[in-house]
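*Asks:* Okay, handing you the structure first.
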Amino acid sequence: MTVLVINSGSSSIKYQLVDPETGASIASGLVERIGESVSHLEHEYNGETTELNDPIADHGEGLRLVIDMFNEKGPKLDDVGIKAVGHRVVQGGKYFDKAVLIDDEVQALIDELSPLAPLHNPANLSGIEVARELFDVPNIAVFDTAFFQTLPNESATYALDREVAEKYQIRRYGAHGTSHMYVSQKVSEMEGRDDLKQIVMHLGNGASVSAVKNGEAVDTSMGLTPLEGLMMGTRTGDIDPATVFHLARVGGMSIDEIDVLFNKKSGLKGLAGDNDMRSVNLLAADGDENAIEALEVYVHRLLHYIGAYAAVMGGLDVITFTAGVGENDNLTRAAVIKRLEPFGVKLDEEKNATRSKEPRVISTEDSTVKIMIVPTNEELSIAQQAMELI
């Protein structure tokens, strides 16, 4: 019994065949540069990688090639008992607080929400449309925003004119919700408690932090879009909105130019010249002042949210690091936790420096707050939610 998980991007398709009961990834792959003169398909199964470099016109052709790759290189899809196709959908707006079976009405609502996620929802829809045509099994949509539908109004509401906010559906939706839900639930399982006050730090090229109290999200750093919140690989994170007016009026920049600046040319890349945390750490170690300052700003933002969310929840039991930077960068973790030492938060340096793919505690026994690393697994979460639904 398996679920095929599909994550369609604007010019890519990530896929993974998952056993939702064991959590095993049976096969996975990536189709990228769809629509370009040379496209790339990479399929991994049973320790072997097969690559294809040919033009792929659109997502329909891409998914058909994926099916061919399964049947030629394994495992044959007819033999693995696919029960559902699970789709990652970025924006579910106010409509979806859980995974749903995709029908024409759901598909139309995902399309309606495209202005809130113009780079993601149309691409997600492309994968959905083709998969519904090609696979005679239920197609399930799992929304990045669903976990944050529980946000109280005091957290979700912007202090914007009500009529304008309602007309254009402006509120805090959050993102990375599937990861935040998976990680916070895993922490609760490990601790054997449902009444935890948790902060989950999803730190990758995109980064977000959430406050999870008694299993429900009560605050999150990303807002209407994934631009708000933490400093990221190429995104500004929190910035005075009037910066937009200033750059338009004084700098003569267009809205599109500012959009690109904030989303693709800022963050670590804008301050240090590189959006890869590993490279920025190396630059800082060599004394690069821009890289050093970039890391200081990065850590400052993390501390800002830790303090705020501890206050929002009225206490704190666990801080958990996840995603690429969160799971692998012991320097960032150490820099953050060191600043929390006055509050009795203590890091076990040896455990922090140990590389592992397993969920684990890296704080000392006498730390006032438990510090954990839990590798995220959004694909498994999507597969499990799909199976629960059907």
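Residues are referred to by chain and number: the chain letter is A, B, ... according to the order shown in the structure tokens, the number counts from 1 in that chain, and ligands are numbered separately from 1 in the order shown.
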Do a neighbour search on segment 176-183 of chain A at 8 Å with only C-alpha atoms, toss out local chain neighbours closer than 3 positions, and write the hits as a list in words.
*Replies:*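 Selected residues are Val142, Phe143, Asp144, Thr145, Ala146, Phe147, Phe148, Lys186, Val187, Val200, His202, Ser208, Ser210, Thr320, Thr322, Val374, Pro375, Thr376, Asn377, Glu378, Ser381 and Ile382 of chain A.
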*Asks:* Print the selection's residues with C-alpha atoms to a file, as a PDB file, in the first residue's frame.
*Replies:*
```pdb
ATOM      1  CA  VAL A 142      -2.710  18.848   1.512  1.00  0.00           C
ATOM      2  CA  PHE A 143      -2.351  22.578   2.148  1.00  0.00           C
ATOM      3  CA  ASP A 144       0.679  24.389   3.565  1.00  0.00           C
ATOM      4  CA  THR A 145      -1.694  26.822   5.241  1.00  0.00           C
ATOM      5  CA  ALA A 146      -4.086  24.282   6.823  1.00  0.00           C
ATOM      6  CA  PHE A 147      -2.221  23.851  10.123  1.00  0.00           C
ATOM      7  CA  PHE A 148      -2.448  27.584  10.751  1.00  0.00           C
ATOM      8  CA  LYS A 186       6.593  14.024  16.501  1.00  0.00           C
ATOM      9  CA  VAL A 187       7.815  16.011  19.531  1.00  0.00           C
ATOM     10  CA  VAL A 200       9.199  24.900  15.937  1.00  0.00           C
ATOM     11  CA  HIS A 202      11.792  25.432  10.174  1.00  0.00           C
ATOM     12  CA  SER A 208       9.548  30.123   9.432  1.00  0.00           C
ATOM     13  CA  SER A 210       5.624  28.642  14.842  1.00  0.00           C
ATOM     14  CA  THR A 320      12.784  22.208  17.958  1.00  0.00           C
ATOM     15  CA  THR A 322      14.141  21.299  11.560  1.00  0.00           C
ATOM     16  CA  VAL A 374      13.509  16.567  14.457  1.00  0.00           C
ATOM     17  CA  PRO A 375      14.094  15.990  10.727  1.00  0.00           C
ATOM     18  CA  THR A 376      11.001  17.076   8.859  1.00  0.00           C
ATOM     19  CA  ASN A 377       9.235  14.732   6.450  1.00  0.00           C
ATOM     20  CA  GLU A 378       6.533  16.600   4.587  1.00  0.00           C
ATOM     21  CA  SER A 381       2.929  13.668   6.386  1.00  0.00           C
ATOM     22  CA  ILE A 382       1.127  14.206   3.070  1.00  0.00           C
TER      23      ILE A 382
END
```
*Asks:* I need the residues in segment 161-271 of chain A that are strand (DSSP E or B) according to DSSP; give them as a ChimeraX atom specification.
*Replies:* /A:197-203,207-213,216-220
*Asks:* Can you pull out every residue from segment 52-203 of chain A that DSSP, working from the backbone, puts in helix (DSSP H, G or I), and format the result as a PyMOL selection string?
*Replies:* chain A and resi 59-73+77-79+104-112+114-116+121-134+146-150+153-156+162-167+177-191
*Asks:* Using only C-alpha atoms, determine which residues lie at most 12 Å from Phe245 of chain A, disregarding the query and same-chain residues fewer than 6 positions distant; provide the list as a ChimeraX atom specification.
*Replies:* /A:251-255,258
*Asks:* Just to confirm, what's the straight-line distance from atom CA of Asn53 of chain A to atom CA of Glu36 of chain A in Å (one decimal)?
*Replies:*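 Between these atoms lies a distance of 11.1 Å.
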*Asks:* Pick from A:Glu42, A:Leu227, A:Ile373, A:Val31: nearest to Glu61 of chain A, with only C-alpha atoms counted?
*Replies:*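 Among the listed residues, A:Val31 lies closest to Glu61 of chain A.
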*Asks:* Counting only C-alpha atoms, which residue out of A:His87, A:Lys357, A:Arg33, A:Lys265 sits closest to Gly62 of chain A?
*Replies:*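 Using only C-alpha atoms, Gly62 of chain A sits closest to A:Arg33.
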*Asks:* Which one is closest to Asp317 of chain A: A:Val297, A:Met1, A:Leu303, A:Ile199? Count only C-alpha atoms.
*Replies:*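 Nearest to Asp317 of chain A: A:Ile199.
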*Asks:* Which residues are near segment 22-30 of chain A? Cut-off 8 Å, only C-alpha atoms, ignore same chain within fewer than 3 positions. Put them as a PDB file with N, CA, C and O atoms, in the first residue's frame.
*Replies:*
```
ATOM      1  N   SER A  12       8.862  22.601 -12.319  1.00  0.00           N
ATOM      2  CA  SER A  12       9.409  21.362 -11.766  1.00  0.00           C
ATOM      3  C   SER A  12       8.310  20.476 -11.197  1.00  0.00           C
ATOM      4  O   SER A  12       7.188  20.924 -10.946  1.00  0.00           O
ATOM      5  N   ILE A  13       8.654  19.202 -11.017  1.00  0.00           N
ATOM      6  CA  ILE A  13       7.790  18.243 -10.324  1.00  0.00           C
ATOM      7  C   ILE A  13       8.685  17.408  -9.418  1.00  0.00           C
ATOM      8  O   ILE A  13       9.554  16.680  -9.903  1.00  0.00           O
ATOM      9  N   LYS A  14       8.500  17.529  -8.112  1.00  0.00           N
ATOM     10  CA  LYS A  14       9.152  16.622  -7.177  1.00  0.00           C
ATOM     11  C   LYS A  14       8.164  15.515  -6.842  1.00  0.00           C
ATOM     12  O   LYS A  14       6.976  15.782  -6.658  1.00  0.00           O
ATOM     13  N   TYR A  15       8.653  14.290  -6.766  1.00  0.00           N
ATOM     14  CA  TYR A  15       7.734  13.197  -6.451  1.00  0.00           C
ATOM     15  C   TYR A  15       8.410  12.166  -5.555  1.00  0.00           C
ATOM     16  O   TYR A  15       9.638  12.051  -5.512  1.00  0.00           O
ATOM     17  N   GLN A  16       7.579  11.467  -4.803  1.00  0.00           N
ATOM     18  CA  GLN A  16       8.084  10.437  -3.918  1.00  0.00           C
ATOM     19  C   GLN A  16       7.003   9.377  -3.716  1.00  0.00           C
ATOM     20  O   GLN A  16       5.837   9.720  -3.474  1.00  0.00           O
ATOM     21  N   LEU A  17       7.380   8.117  -3.824  1.00  0.00           N
ATOM     22  CA  LEU A  17       6.475   7.007  -3.553  1.00  0.00           C
ATOM     23  C   LEU A  17       6.715   6.570  -2.115  1.00  0.00           C
ATOM     24  O   LEU A  17       7.810   6.159  -1.754  1.00  0.00           O
ATOM     25  N   VAL A  18       5.670   6.697  -1.281  1.00  0.00           N
ATOM     26  CA  VAL A  18       5.823   6.540   0.163  1.00  0.00           C
ATOM     27  C   VAL A  18       4.919   5.431   0.687  1.00  0.00           C
ATOM     28  O   VAL A  18       3.765   5.292   0.258  1.00  0.00           O
ATOM     29  N   ASP A  19       5.451   4.637   1.604  1.00  0.00           N
ATOM     30  CA  ASP A  19       4.635   3.703   2.378  1.00  0.00           C
ATOM     31  C   ASP A  19       4.215   4.431   3.647  1.00  0.00           C
ATOM     32  O   ASP A  19       5.038   4.656   4.535  1.00  0.00           O
ATOM     33  N   HIS A  40      15.407  18.180 -17.319  1.00  0.00           N
ATOM     34  CA  HIS A  40      16.142  17.137 -16.595  1.00  0.00           C
ATOM     35  C   HIS A  40      15.179  16.331 -15.736  1.00  0.00           C
ATOM     36  O   HIS A  40      14.383  16.891 -14.990  1.00  0.00           O
ATOM     37  N   LEU A  41      15.270  15.001 -15.863  1.00  0.00           N
ATOM     38  CA  LEU A  41      14.496  14.095 -15.013  1.00  0.00           C
ATOM     39  C   LEU A  41      15.470  13.167 -14.304  1.00  0.00           C
ATOM     40  O   LEU A  41      16.355  12.572 -14.937  1.00  0.00           O
ATOM     41  N   GLU A  42      15.300  13.051 -12.991  1.00  0.00           N
ATOM     42  CA  GLU A  42      16.163  12.178 -12.182  1.00  0.00           C
ATOM     43  C   GLU A  42      15.273  11.276 -11.331  1.00  0.00           C
ATOM     44  O   GLU A  42      14.437  11.756 -10.572  1.00  0.00           O
ATOM     45  N   HIS A  43      15.456   9.968 -11.479  1.00  0.00           N
ATOM     46  CA  HIS A  43      14.621   8.973 -10.783  1.00  0.00           C
ATOM     47  C   HIS A  43      15.524   8.075  -9.943  1.00  0.00           C
ATOM     48  O   HIS A  43      16.500   7.507 -10.447  1.00  0.00           O
ATOM     49  N   GLU A  44      15.182   7.954  -8.649  1.00  0.00           N
ATOM     50  CA  GLU A  44      15.974   7.130  -7.738  1.00  0.00           C
ATOM     51  C   GLU A  44      15.138   5.970  -7.205  1.00  0.00           C
ATOM     52  O   GLU A  44      14.047   6.179  -6.668  1.00  0.00           O
ATOM     53  N   TYR A  45      15.673   4.770  -7.377  1.00  0.00           N
ATOM     54  CA  TYR A  45      14.990   3.572  -6.862  1.00  0.00           C
ATOM     55  C   TYR A  45      16.017   2.475  -6.592  1.00  0.00           C
ATOM     56  O   TYR A  45      16.891   2.215  -7.414  1.00  0.00           O
ATOM     57  N   ASN A  46      15.888   1.883  -5.416  1.00  0.00           N
ATOM     58  CA  ASN A  46      16.719   0.731  -5.056  1.00  0.00           C
ATOM     59  C   ASN A  46      18.213   1.039  -5.144  1.00  0.00           C
ATOM     60  O   ASN A  46      19.015   0.202  -5.577  1.00  0.00           O
ATOM     61  N   PRO A  75       9.810   1.036  -9.065  1.00  0.00           N
ATOM     62  CA  PRO A  75       8.952  -0.147  -9.107  1.00  0.00           C
ATOM     63  C   PRO A  75       7.757   0.095 -10.021  1.00  0.00           C
ATOM     64  O   PRO A  75       7.313   1.227 -10.174  1.00  0.00           O
ATOM     65  N   LEU A 380       6.017  12.269   3.925  1.00  0.00           N
ATOM     66  CA  LEU A 380       5.364  11.259   4.754  1.00  0.00           C
ATOM     67  C   LEU A 380       4.078  11.814   5.357  1.00  0.00           C
ATOM     68  O   LEU A 380       3.053  11.128   5.401  1.00  0.00           O
TER      69      LEU A 380
END
```
*Asks:* Which is closest to Met201 of chain A among A:Phe343, A:Phe321, A:Tyr309, A:Phe70, if we use only C-alpha atoms?
*Replies:* A:Phe321
*Asks:* Taking 5 positions as the minimum chain separation for residues in the same chain, which residues sit within 10 Å of Thr364 of chain A when counting only C-alpha atoms? Answer as a list in words.
*Replies:*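 What passes the distance filter is Val345, Lys346, Leu347, Asp348, Glu349, Lys351, Val369, Lys370 and Ile371 of chain A.
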*Asks:* Find the spatial neighbours of Arg355 of chain A, counting only C-alpha atoms, within a cut-off of 12 Å - ignore same-chain residues fewer than 2 positions away - and output them as a PyMOL selection string.
*Replies:* chain A and resi 326-330+350-353+357-360+362+373+375
*Asks:* So how far away is atom CA of Thr2 of chain A from atom CA of Asp58 of chain A, in Å?
*Replies:*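 Pair atom CA of Asp58 of chain A / atom CA of Thr2 of chain A returns 25.9 Å.
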*Asks:* Rank A:Val209, A:Ile390, A:Met190, A:Leu261 by their smallest atom-to-atom distance to His304 of chain A, using only C-alpha atoms, and report the top residue only.
*Replies:*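 Checking each of A:Val209, A:Ile390, A:Met190, A:Leu261 against His304 of chain A, counting only C-alpha atoms, the winner is A:Val209.
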*Asks:* Near Glu293 of chain A, counting only C-alpha atoms, which residues have an atom at most 9 Å away, once you skip same-chain residues fewer than 5 positions from it, shown as an mmCIF file with all heavy atoms, in the first residue's frame?
*Replies:*
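Written out: selection.cif:
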```
data_model
loop_
_atom_site.group_PDB
_atom_site.id
_atom_site.type_symbol
_atom_site.label_atom_id
_atom_site.label_comp_id
_atom_site.auth_asym_id
_atom_site.auth_seq_id
_atom_site.Cartn_x
_atom_site.Cartn_y
_atom_site.Cartn_z
ATOM 1 N N LEU A 271 22.808 40.399 2.133
ATOM 2 C CA LEU A 271 23.759 40.907 3.119
ATOM 3 C C LEU A 271 25.154 40.303 2.979
ATOM 4 O O LEU A 271 26.152 40.976 3.227
ATOM 5 C CB LEU A 271 23.242 40.642 4.543
ATOM 6 C CG LEU A 271 21.984 41.403 4.973
ATOM 7 C CD1 LEU A 271 21.678 41.128 6.439
ATOM 8 C CD2 LEU A 271 22.143 42.903 4.740
ATOM 9 N N ALA A 272 25.212 39.024 2.605
ATOM 10 C CA ALA A 272 26.509 38.335 2.571
ATOM 11 C C ALA A 272 26.952 37.939 1.169
ATOM 12 O O ALA A 272 28.091 37.499 0.987
ATOM 13 C CB ALA A 272 26.453 37.084 3.463
ATOM 14 N N ALA A 284 32.283 33.884 7.054
ATOM 15 C CA ALA A 284 32.401 34.481 8.381
ATOM 16 C C ALA A 284 33.641 33.979 9.105
ATOM 17 O O ALA A 284 34.343 34.738 9.782
ATOM 18 C CB ALA A 284 31.147 34.180 9.202
ATOM 19 N N ASP A 288 35.052 37.641 6.946
ATOM 20 C CA ASP A 288 34.259 38.523 6.092
ATOM 21 C C ASP A 288 33.237 39.269 6.949
ATOM 22 O O ASP A 288 32.338 38.669 7.539
ATOM 23 C CB ASP A 288 33.547 37.686 5.019
ATOM 24 C CG ASP A 288 32.816 38.536 4.000
ATOM 25 O OD1 ASP A 288 31.869 39.231 4.397
ATOM 26 O OD2 ASP A 288 33.174 38.496 2.807
ATOM 27 N N TYR A 298 20.604 37.267 11.387
ATOM 28 C CA TYR A 298 19.848 36.002 11.298
ATOM 29 C C TYR A 298 19.497 35.488 12.692
ATOM 30 O O TYR A 298 18.343 35.159 12.984
ATOM 31 C CB TYR A 298 20.697 34.981 10.536
ATOM 32 C CG TYR A 298 19.971 33.728 10.133
ATOM 33 C CD1 TYR A 298 19.380 33.613 8.882
ATOM 34 C CD2 TYR A 298 19.896 32.617 10.977
ATOM 35 C CE1 TYR A 298 18.726 32.456 8.491
ATOM 36 C CE2 TYR A 298 19.242 31.458 10.607
ATOM 37 C CZ TYR A 298 18.669 31.384 9.356
ATOM 38 O OH TYR A 298 18.016 30.234 8.975
#
```
*Asks:* What does the structure give for the distance between atom CA of Leu230 of chain A and atom CA of Arg301 of chain A, in Å to one decimal?
*Replies:* 5.9 Å
*Asks:* Restricting the calculation to only C-alpha atoms: of A:Asp274, A:Glu296, A:Asp195, A:Glu341, which residue gets closest to Leu316 of chain A?
*Replies:*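 Using only C-alpha atoms, the shortest distance to Leu316 of chain A belongs to A:Asp195.
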